[in-house]
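Below is one structure; the comments refer to it alone.
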Amino acid sequence: MQQTSKSSLPEMFEANVPVNKTVDPDVANFFREISVIHEKIMKLGLEPSTRWQHTSSVELVAQLHETVASLAPTALFHIVIDLPPVPEIDDFVKQLLLSEFQKSMRHLSVAQLLRVVQSRDRRDVGLDQSVYDSAMHSLQQRWVEIKSGRDIVTLLYIASDDCTHFLDRLEDRALDLCDRMTVKELYRTVYCLARRRRRNSPLLRALMYCLDRQELDLNPVHLSNLAFAMGVLNVRDQGVTEKLIKAVHMYVESRMHPPNVVRHMLPSVVQSLGILRWLDKRFMDMAVEHFLRLKVDSSDWVRLVRTLAWVNYLPPQLGKNGLVDIVRWIAPLSQSNSMLWLDAVWSCCVLDSLTSEMAASVLSPEFVAKLEGDDTSFHLLRDWSFAFTVVWSFNVVVNLTCSVCCSVFVLIPAGISDDHVFCSIAINSSSRHETRNF
């Protein structure tokens, strides 16, 4: 999970405050005056490194200070943020502008301060870190002035995880303003909470209520992200979930988007519904049909089979033989990705489709040794140990010998609960998802 909120997800730029294309009269007048001062100092014929410190330029320096000091805070803001690369603005003039700008920042609006913080990723601005810190500090002090859903989303995205008090205040503002947010702002607020693993129950209830009152006019990536967020935060809202499923179903059946878009969206939504233990038989039947048509990769098949196990449903078009066929397709994972293969075997166990060969493949000393060779996989193996308990309790491995059954208990650490495994799955399964566009 992200340790800081700074990211380069492309769609986040939608939240930027639009650049004002109209020229401020004060800005235009400033450039005229600075041009005159620059022309005068050039006539002195001084070295560039000492021209502003020389005794003969004292009057021009005083005039420059007076010109900069006369600028209104908004004019200074436009000059600093959209500073053009002109010869009149050398390092001395730029530092003078920045110094005056920091003094006047308290007079800027919340939207302007937010734009200052966002300009950190722009190479053409290059402000000192102290300027960004001052802008963020002002935003934290003036959080009550935030009145835009767009600003809330942006700040939830860019604020540091260390600013817990400020994040609490942002969530308070989101709770106050969520009934005025657009569907995209509502979804993004939920998604930001999921990225930070912040489960604010009153806010989530309000966001779900507002989302349920609107049409989910979201693109496939947004729908996938929303499903992911609801899964991570364990939000089981019937109205929103049914609308989400309906929207995904429409995108899949309409075939208006390239197969690659659907291929990324559908497995992600299927997995999120599995984490929520949400069973929609019609949707799962449709997902199985389109998985076959879209030619998804092995990891996506594991996500589908695992979700079917989570909701304990086997689509009629699969049947037991169909599930065995799927596992046969993904069998190479037993060598290339041990954890995914363990997921698949566990899923077959829950769905009463486990064969003795599949069970033996994960109980073999070689397979366990492979997991032990990877510290991460070995710890996850401990989390997944309840799967072996299921093998015993469901009594489906009828062909295993007593010695193999005893081997099951050797692998089961005590005290591992299903809730512990659920949390582990929700966190670890998010790594692939969060490469999606925001």
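Each chain in the structure tokens gets a letter, A, B and so on, in the order shown; residues start at 1 in every chain, and ligands are counted from 1 in the order they appear.
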Surrounding residues of His249 of chain A excluding itself and chain neighbours under 6 positions, 9 Å, only C-alpha atoms, as an mmCIF file with C-alpha atoms, in the first residue's frame:
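Just written: out-v1.cif:
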data_model
loop_
_atom_site.group_PDB
_atom_site.id
_atom_site.type_symbol
_atom_site.label_atom_id
_atom_site.label_comp_id
_atom_site.auth_asym_id
_atom_site.auth_seq_id
_atom_site.Cartn_x
_atom_site.Cartn_y
_atom_site.Cartn_z
ATOM 1 C CA PHE A 283 -23.354 -12.039 -13.172
ATOM 2 C CA MET A 286 -21.926 -14.152 -17.544
ATOM 3 C CA ALA A 287 -18.375 -13.798 -16.211
#
Residues within 12 Å of Leu266 of chain A, only C-alpha atoms, excluding chain neighbours under 5 positions, as a tab-separated table (two decimals) with C-alpha atoms, in the first residue's frame:
chain	number	residue	atom	x	y	z
A	220	PRO	CA	-14.79	0.64	-16.89
A	221	VAL	CA	-11.66	1.68	-15.00
A	223	LEU	CA	-16.11	0.80	-11.97
A	224	SER	CA	-13.21	-1.55	-11.39
A	225	ASN	CA	-11.67	0.85	-8.88
A	227	ALA	CA	-15.47	-2.42	-6.74
A	228	PHE	CA	-11.89	-2.71	-5.47
A	244	LEU	CA	-22.19	-1.50	-10.17
A	245	ILE	CA	-22.93	-5.04	-11.32
A	247	ALA	CA	-23.09	-1.17	-15.18
A	248	VAL	CA	-20.31	-3.76	-15.59
A	249	HIS	CA	-22.75	-6.18	-17.19
A	250	MET	CA	-23.81	-3.49	-19.64
A	251	TYR	CA	-20.21	-2.69	-20.63
A	252	VAL	CA	-19.42	-6.37	-21.14
A	253	GLU	CA	-22.52	-7.21	-23.14
A	259	PRO	CA	-11.61	-6.54	-25.41
A	260	ASN	CA	-8.49	-5.41	-23.56
A	261	VAL	CA	-10.55	-2.94	-21.47
A	271	GLN	CA	-12.44	-10.68	-7.37
A	272	SER	CA	-13.87	-7.72	-5.44
A	273	LEU	CA	-17.31	-9.34	-5.32
A	283	PHE	CA	-23.35	-12.04	-13.17
A	284	MET	CA	-21.13	-15.00	-12.33
A	286	MET	CA	-21.93	-14.15	-17.54
A	287	ALA	CA	-18.37	-13.80	-16.21
A	288	VAL	CA	-17.59	-17.46	-16.88
A	289	GLU	CA	-18.86	-17.17	-20.46
A	290	HIS	CA	-16.82	-14.06	-21.17
A	291	PHE	CA	-13.69	-15.39	-19.51
A	294	LEU	CA	-11.75	-13.02	-23.73
A	296	VAL	CA	-7.84	-14.17	-19.96
A	300	ASP	CA	-7.45	-14.13	-13.84
A	301	TRP	CA	-8.82	-17.67	-13.97
A	303	ARG	CA	-9.37	-15.01	-9.35
A	304	LEU	CA	-12.60	-16.30	-10.85
A	433	HIS	CA	-5.33	-3.65	-8.90
Applying 10 Å and only C-alpha atoms, which residues near segment 315-325 of chain A remain after dropping the ones on its own chain fewer than 2 positions away? List them as a ChimeraX atom specification. /A:281-282,284-289,305,308,313,327-331,347-348,351-355,358
Write a file of the just-selected residues containing N, CA and C atoms, as a PDB file, in the first residue's frame.
ATOM      1  N   LYS A 281     -25.765 -14.699  -9.178  1.00  0.00           N
ATOM      2  CA  LYS A 281     -25.604 -15.862 -10.050  1.00  0.00           C
ATOM      3  C   LYS A 281     -25.591 -15.470 -11.516  1.00  0.00           C
ATOM      4  N   ARG A 282     -26.461 -14.556 -11.896  1.00  0.00           N
ATOM      5  CA  ARG A 282     -26.506 -14.143 -13.308  1.00  0.00           C
ATOM      6  C   ARG A 282     -25.194 -13.504 -13.734  1.00  0.00           C
ATOM      7  N   MET A 284     -22.196 -14.000 -12.318  1.00  0.00           N
ATOM      8  CA  MET A 284     -21.133 -15.003 -12.334  1.00  0.00           C
ATOM      9  C   MET A 284     -21.245 -15.907 -13.564  1.00  0.00           C
ATOM     10  N   ASP A 285     -22.461 -16.248 -13.967  1.00  0.00           N
ATOM     11  CA  ASP A 285     -22.642 -17.035 -15.188  1.00  0.00           C
ATOM     12  C   ASP A 285     -22.108 -16.271 -16.398  1.00  0.00           C
ATOM     13  N   MET A 286     -22.414 -14.988 -16.445  1.00  0.00           N
ATOM     14  CA  MET A 286     -21.926 -14.152 -17.544  1.00  0.00           C
ATOM     15  C   MET A 286     -20.412 -14.053 -17.522  1.00  0.00           C
ATOM     16  N   ALA A 287     -19.829 -13.926 -16.325  1.00  0.00           N
ATOM     17  CA  ALA A 287     -18.375 -13.798 -16.211  1.00  0.00           C
ATOM     18  C   ALA A 287     -17.673 -15.042 -16.736  1.00  0.00           C
ATOM     19  N   VAL A 288     -18.199 -16.213 -16.406  1.00  0.00           N
ATOM     20  CA  VAL A 288     -17.594 -17.460 -16.885  1.00  0.00           C
ATOM     21  C   VAL A 288     -17.617 -17.508 -18.412  1.00  0.00           C
ATOM     22  N   GLU A 289     -18.748 -17.136 -18.997  1.00  0.00           N
ATOM     23  CA  GLU A 289     -18.865 -17.167 -20.460  1.00  0.00           C
ATOM     24  C   GLU A 289     -17.860 -16.229 -21.121  1.00  0.00           C
ATOM     25  N   VAL A 305     -12.049 -18.547 -10.080  1.00  0.00           N
ATOM     26  CA  VAL A 305     -12.291 -19.777  -9.338  1.00  0.00           C
ATOM     27  C   VAL A 305     -12.302 -19.499  -7.839  1.00  0.00           C
ATOM     28  N   LEU A 308     -15.620 -17.932  -6.950  1.00  0.00           N
ATOM     29  CA  LEU A 308     -16.669 -18.958  -6.921  1.00  0.00           C
ATOM     30  C   LEU A 308     -16.610 -19.749  -5.622  1.00  0.00           C
ATOM     31  N   TYR A 313     -20.403 -21.122  -5.138  1.00  0.00           N
ATOM     32  CA  TYR A 313     -21.323 -21.250  -6.278  1.00  0.00           C
ATOM     33  C   TYR A 313     -20.559 -21.814  -7.463  1.00  0.00           C
ATOM     34  N   VAL A 327      -8.749 -25.901 -14.171  1.00  0.00           N
ATOM     35  CA  VAL A 327      -7.547 -26.145 -13.371  1.00  0.00           C
ATOM     36  C   VAL A 327      -6.462 -26.782 -14.223  1.00  0.00           C
ATOM     37  N   ARG A 328      -6.847 -27.602 -15.173  1.00  0.00           N
ATOM     38  CA  ARG A 328      -5.866 -28.223 -16.065  1.00  0.00           C
ATOM     39  C   ARG A 328      -5.168 -27.153 -16.913  1.00  0.00           C
ATOM     40  N   TRP A 329      -5.932 -26.113 -17.315  1.00  0.00           N
ATOM     41  CA  TRP A 329      -5.324 -25.036 -18.106  1.00  0.00           C
ATOM     42  C   TRP A 329      -4.298 -24.260 -17.294  1.00  0.00           C
ATOM     43  N   ILE A 330      -4.588 -24.089 -16.004  1.00  0.00           N
ATOM     44  CA  ILE A 330      -3.701 -23.269 -15.170  1.00  0.00           C
ATOM     45  C   ILE A 330      -2.707 -24.122 -14.396  1.00  0.00           C
ATOM     46  N   ALA A 331      -2.643 -25.398 -14.697  1.00  0.00           N
ATOM     47  CA  ALA A 331      -1.735 -26.303 -13.985  1.00  0.00           C
ATOM     48  C   ALA A 331      -0.276 -25.847 -14.005  1.00  0.00           C
ATOM     49  N   SER A 347      -9.709 -23.546  -3.806  1.00  0.00           N
ATOM     50  CA  SER A 347     -11.020 -23.249  -4.387  1.00  0.00           C
ATOM     51  C   SER A 347     -11.717 -24.525  -4.842  1.00  0.00           C
ATOM     52  N   CYS A 348     -10.977 -25.392  -5.491  1.00  0.00           N
ATOM     53  CA  CYS A 348     -11.562 -26.661  -5.922  1.00  0.00           C
ATOM     54  C   CYS A 348     -12.017 -27.485  -4.726  1.00  0.00           C
ATOM     55  N   LEU A 351     -15.325 -26.136  -3.549  1.00  0.00           N
ATOM     56  CA  LEU A 351     -16.374 -26.417  -4.519  1.00  0.00           C
ATOM     57  C   LEU A 351     -16.563 -27.912  -4.752  1.00  0.00           C
ATOM     58  N   ASP A 352     -15.965 -28.714  -3.903  1.00  0.00           N
ATOM     59  CA  ASP A 352     -16.132 -30.163  -3.959  1.00  0.00           C
ATOM     60  C   ASP A 352     -15.684 -30.717  -5.312  1.00  0.00           C
ATOM     61  N   SER A 353     -14.602 -30.168  -5.829  1.00  0.00           N
ATOM     62  CA  SER A 353     -14.072 -30.624  -7.116  1.00  0.00           C
ATOM     63  C   SER A 353     -12.595 -30.984  -7.016  1.00  0.00           C
ATOM     64  N   LEU A 354     -12.132 -31.249  -5.828  1.00  0.00           N
ATOM     65  CA  LEU A 354     -10.719 -31.525  -5.623  1.00  0.00           C
ATOM     66  C   LEU A 354     -10.409 -32.973  -5.976  1.00  0.00           C
ATOM     67  N   THR A 355      -9.316 -33.146  -6.685  1.00  0.00           N
ATOM     68  CA  THR A 355      -8.844 -34.498  -6.997  1.00  0.00           C
ATOM     69  C   THR A 355      -7.651 -34.829  -6.116  1.00  0.00           C
ATOM     70  N   MET A 358      -4.469 -33.100  -7.333  1.00  0.00           N
ATOM     71  CA  MET A 358      -4.337 -31.680  -6.988  1.00  0.00           C
ATOM     72  C   MET A 358      -3.942 -31.520  -5.525  1.00  0.00           C
TER      73      MET A 358
END
Pick out the residues sitting within 10 Å of His65 of chain A, and hand them over as a PDB file with C-alpha atoms, in the first residue's frame; count only C-alpha atoms, and ignore anything fewer than 3 positions along from it in its own chain.
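Saved as result01.pdb:
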ATOM      1  CA  GLU A  59      18.498  52.642  -7.292  1.00  0.00           C
ATOM      2  CA  LEU A  60      17.423  49.953  -9.749  1.00  0.00           C
ATOM      3  CA  VAL A  61      17.341  47.316  -6.973  1.00  0.00           C
ATOM      4  CA  ALA A  62      15.186  49.636  -4.853  1.00  0.00           C
ATOM      5  CA  VAL A  68       7.476  43.453  -6.575  1.00  0.00           C
ATOM      6  CA  ALA A  69       6.038  44.727  -3.287  1.00  0.00           C
ATOM      7  CA  SER A  70       3.230  46.515  -5.141  1.00  0.00           C
ATOM      8  CA  VAL A  93      14.488  38.498  -9.481  1.00  0.00           C
ATOM      9  CA  LEU A  96      12.734  38.161  -4.728  1.00  0.00           C
ATOM     10  CA  LEU A  97       9.396  37.104  -6.231  1.00  0.00           C
ATOM     11  CA  GLU A 100       7.344  38.118  -1.490  1.00  0.00           C
TER      12      GLU A 100
END
List the neighbours of Leu108 of chain A out to 8 Å using only C-alpha atoms; skip same-chain residues closer than 5 positions along the sequence, and give me the result as number ranges by chain. A: 73-74, 113
